[in-house]
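Undergrad: I'd like to ask some things about the structure below.
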Amino acid sequence: MKSSDGLYLSAREAAAELAISPATLYAYVSRGLIRSEPTPDSRKNRYRAEDVRALKERRVPSPEPRGLRSFDADLPVMDTEISTITEEGAIYRGVNCVDLSENDTLEHTATLLWDVSDVDPFGPDNQPEFSEEMRAIAQVARRAAPIDRAIAVLALAASADPRAFTRAPDGRAMVGGRIVRLLVATMLNAEPSPSPLHQQIAAAWAADNQHAPDLIRRALVLLADHELNASTFTARCAASTGLNLYDAVIAGLAALKGPKHGGAGVLASQLVKTLIDRDVAPVVRERVALGERFAGFGHGVYKRGDPRAQSLLNALSRAGAPRKFTREVPERIAEATGEFVNIDYALAVLVHALRLPAGSELALFAMARSVGWIAHASEQLQFGKLIRPRARYVGPAPGRRAG
């Protein structure tokens with residue numbers, strides 16, 4: 001049996017990867033450690049490759065201290081129907097995000113991730129509620145960072161939306177459409193609009209660039225979701241307490257700001273600016289000699305490069321972006337460090353090529369990823385369970401006297 005698109009392994013492949021017998025493999029399946037399902041064209045079962053590899057990582061000692069690993073195999077694992085990650089890119093409900101980005105919009109991607117077909121969350125009449133208090137906050141915060149302004153306005157938005165706490169799946173999708181439109185408008189310092197989101201962004205930030213709408217559209221689709229990253233897990237934890245989607249998105253926004261997550265795009269932009277008037281090779285050699293890391297390179301999942309990044313860089317190259325940034329920098333850094341380009345660097349090149357405002361890397365990331373947060377928060381609300389991991393205590397033994 002041939003494995004399918006990297007997501008599955010045959011029984012022989014799974015057993016070989018774990019160096020176990022078929023009987024032990026079936027025992028792991030019965031204990032819920034590895035998911036299996038029938039193959040579409042035979043009576044044999046296939047096994048989830050990510051489960052096999054996660055179990056392998058738990059069983060094989062890591063040469064790197066646990067606290068320094070990018071992803072810890074002992075972290076919580078959750079079931080979801082929304083997305084997963086493969087070497088070919090993120091999969092949105094069975095659809096590869098790279099393929100989706102060729103022609104689709106963030107709005108259509110949202111309906112896919114939210115699994116809705118009977119309602120249109122982005123219909124012309126589904127506009128966000130905008131109270132006087134929200135307008136006042138937005139006006140006072142016009143010069144604040146877009147993500148901070150959005151958090152402030154969204155904090156009041158649930159109170160202004162009489163349908164914010166709906167439990168109906170279609171109703172939650174409609175709330176999601178209002179949230180995304182409100183978020184984009186607030187970050188752009190604009191009024192909410194029924195126009196396509198990528199066109200709104202391009203008109204506000206890159207009106208004179210004919211390539212901007214398509215490039216921004218591609219980036220938004222590629223960034224819409226990426227399984228249980230830090231901000232999405234935060235949004236799911238928040239939603240598990242029973243709060244509304246507006247507040248779940250606020251939780252995601254706060255987590256996204258960190259320099260190890262959405263803030264990495266801003267750091268990658270600093271690298272791009274450093275290289276504008278300098279030769280690539282000497283700068284890379286100097287930083288490697290000093291032991292410095294390169295923001296926008298390396299990834300805990302994509303060992304041979306982020307397919308989303310390559311897709312966006314290819315589109316930027318076709319649109320006339322400098323080869324220095326779309327090809328030379330990624331190649332030089334990969335040669336010197338063994339770390340391949342990720343989406344944060346590609347986003348930084350997009351911002352540079354389109355001359356977008358400073359800090360728009362994080363804003364674009366937030367606009368796109370809000371769609372994924374809403375998908376995961378809605379799924380968590382549907383589960384109805386509180387996320388409450390336990391801690392592994394490693395402190396002094398009980399019974400110690402104070403002082």
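Please note that chains go A, B, ... in the order of the structure tokens, that every chain numbers its residues from 1, and that ligands are numbered from 1 in the order shown.
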Hey, what's within 12 Å of Val266 in chain A if we count only C-alpha atoms and toss same-chain stuff fewer than 2 positions away? As a PyMOL selection string, please?
TA: chain A and resi 256-264+268-273+295-296+343-352+357-365
Undergrad: Name all residues at most 12 Å from Val249 in chain A (count only C-alpha atoms; drop same-chain ones fewer than 2 positions away) and give them as a PyMOL selection string.
TA: chain A and resi 147+150-155+157-158+175-176+179-180+182-183+231-239+243-247+251-256+366-378
Undergrad: Can you pull out the residues contacting Lys324 in chain A? Cut-off 10 Å, using only C-alpha atoms, and skip same-chain residues under 5 positions away; I want them as a PyMOL selection string.
TA: chain A and resi 272+275-276+279-280+317+329-331
Undergrad: Using only C-alpha atoms, which of A:Leu223, A:Ala15, A:Leu228, A:Ile201 sits nearest Val77 in chain A?
TA: A:Leu228
Undergrad: Distance CA of Tyr302 in chain A-CA of Cys97 in chain A, one decimal place?
TA: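 Taking CA of Tyr302 in chain A and CA of Cys97 in chain A, their separation equals 14.5 Å.
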Undergrad: Residues of range 31-277 of chain A classed as strand (DSSP E) by DSSP on the backbone are to be reported as a list in words.
TA: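 Of range 31-277 of chain A, only Ser36, Glu37, Pro38, Asn45, Arg46, Tyr47, Arg48, Ser83, Thr84, Ile85, Thr86, Gly89, Ala90, Ile91, Tyr92, Val95 and Asn96 of chain A fall in strand (DSSP E).
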Undergrad: Near Arg46 in chain A, counting only C-alpha atoms, which residues have an atom at most 10 Å away, once you skip same-chain residues fewer than 3 positions from it, shown as JSON, numbers by chain?
TA: {"A": [1, 2, 3, 4, 7, 8, 9, 10, 11, 12, 13, 14, 35, 36, 37, 38, 39, 40, 43, 49]}
